[in-house]
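Visitor: Quick one: structure below, then a few questions.
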Amino acid sequence: MSWRMPAETAPQERTWMAFPRPGVTLGDDAASAEAAQVAWATTANTISEHQPVTVVVDPVARADADRLLSSGVTVLEAPLDDAWMRDIGPTFVVDDATGRHGAVDWVFNGWGANAWATWTRDAEVARFVADAAGVERIPSLLVNEGGAVHTDGSGTVLVTETVQLDPRRNPHADRTRVEDELGRTIGATDVVWLPRGLTRDDGALGTRGHVDMVATFASPDVVLLHAQPDPGHPDHLVMPQVRRALEQQTGATIVELPAPATLADDGGPVDWNYVNHVVVNGAVIACGFGEPRADDRARGILADVYPGRQVHTVDAREVFARGGGLHCITQQQPVR
């Protein structure tokens with residue numbers, strides 16, 4: 001059997017999400033909790049205007065989920081530690097020869113066994129989602145997350161050295177072993193190794209370099225790349241390194257998505273970016289940061305590279321404040 005991960009622009013059956021429950025992501029006070037849950041729910045409700053959405057909800061958060069999610073969103077109950085479905089859920093794949101669909105169940109260990117993270121329940125979410133979706137579960141021994149891989153759907157896969165080769169994730173892995181496993185599970189034939197991710201992502205609540213914060217495929221020959229034009233931000237020096245790696249390993253046209261103007265918050269240099277958007281049937285859900293000029297510019301670029309799709313902007317600041325973006329809280333399932 002030969003599995004292949006379709007591009008995110010391929011037709012989708014549904015989007016999977018998880019709903020924030022009490023814990024690190026939700027925050028310590030009622031206002032913070034409400035802000036997080038509203039951000040997750042707004043994303044789900046916006047996507048549901050274009051395709052089915054299923055949200056996995058811990059029983060302790062069911063009342064809030066029912067209050068905030070629209071009637072068109074399906075809710076399934078299961079125990080959760082956190083709410084980053086891209087990382088705790090499976091990566092959906094297809095077998096073109098047989099028409100079968102599968103879901104890769106990576107090993108999840110809290111983004112490299114972070115001291116603040118708990119993941120006993122989250123480590124079971126991929127299995128739960130695969131069963132609920134009615135597709136074959138494909139186990140993997142690779143410690144990996146969905147936000148750590150991007151594919152063009154034809155075998156080219158973007159990864160970062162700081163994630164798959166992280167000694168707190170895969171201490172015995174080298175590039176060859178990672179590439180072989182990505183080939184077996186998601187059909188990777190050409191793995192593009194980027195040197196790292198964003199500066200904030202290396203911080204206390206970060207993933208140590210998820211690729212979905214820096215680069216993504218808009219099409220097989222177009223890569224969208226985060227750009228930080230302000231020399232006052234440390235990623236001004238980071239992103240040229242990432243761009244060089246892309247230029248050296250791919251022949252794709254690189255289209256830059258400039259960062260918004262805000263450089264820092266109470267946690268240090270922000271990782272605000274427009275690369276971390278969500279592609280759904282007929283639409284793109286773009287991250288918004290309350291900066292009309294920058295948000296409008298990004299919306300225009302996304303409209304150009306995804307012709308025929310409506311671009312919605314959803315305020316993503318509450319999600320980014322908790323360690324990720326809109327792409328990080330969603331996972332697409334391809335059409336069967």
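Lettering and numbering for the structure tokens are positional, with chains as A, B, ... in the shown order, residues counted from 1 in each chain, and ligands counted from 1 in the shown order.
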Mind dumping a table of every stretch 145-181 of chain A residue within 12 Å of stretch 78-85 of chain A, with the nearest atom pair and its distance in Å to one decimal, using only C-alpha atoms, sorted by chain and rising number, as a tab-separated table?
Guide:
residue	atom	partner	partner_atom	distance
A:Glu145	CA	A:Met85	CA	9.5
A:Gly146	CA	A:Met85	CA	8.4
A:Gly147	CA	A:Met85	CA	9.4
Visitor: Determine, counting only C-alpha atoms, which protein, DNA and RNA residues have an atom within 6 Å of an atom of stretch 325-328 of chain A; residues of the same chain fewer than 4 positions away are not included. Present the result as a PyMOL selection string.
Guide: chain A and resi 84+86+276-278+319-320
Visitor: Write out as a ChimeraX atom specification the residues lying within 12 Å of A:Trp40, counting only C-alpha atoms and excluding same-chain residues fewer than 4 positions away.
Guide: /A:16-21,25-26,33-36,44-47,55-57,64-65,68-70,83-85,314-320,322,324-330
Visitor: Stretch 112-122 of chain A: which residues within 9 Å, counting only C-alpha atoms, same-chain residues fewer than 2 positions away excluded, as a list in words?
Guide: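 In the requested form, the answer reads Val24, Ala78, Pro79, Leu80, Asp81, Asp82, Ala83, Ile88, Gly89, Phe108, Asn109, Gly110, Glu124, Val125, Ala126, Val143, Val163, Asp166, Pro167, Arg168, Arg169, Asn170, Ala204, Leu205, Thr207 and Arg208 of chain A.
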Visitor: List every residue of stretch 127-270 of chain A that DSSP, applied to the backbone of this structure, places in strand (DSSP E), and write the result as a VMD selection string.
Guide: chain A and resid 136 to 143 150 to 151 156 to 160 190 to 194 215 to 219 222 to 227 253 to 258 264 to 265 268 to 269
Visitor: Pick the closest to A:Gln332 from A:Asp265, A:His226, A:Gln241, A:Val280: which is it, counting only C-alpha atoms?
Guide: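 Once distances to A:Gln332 are computed over only C-alpha atoms, the minimum belongs to A:Val280.
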Visitor: Quote the spacing between atom CA of A:Glu49 and atom CA of A:Arg299 in Å to one decimal place.
Guide: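 Separation between atom CA of A:Glu49 and atom CA of A:Arg299: 18.4 Å.
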Visitor: For A:Leu182, which residue out of A:Ala97, A:Ala245, A:Val214, A:Val104 is the nearest one, using only C-alpha atoms?
Guide: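 With only C-alpha atoms as the atom set, the closest residue is A:Val104.
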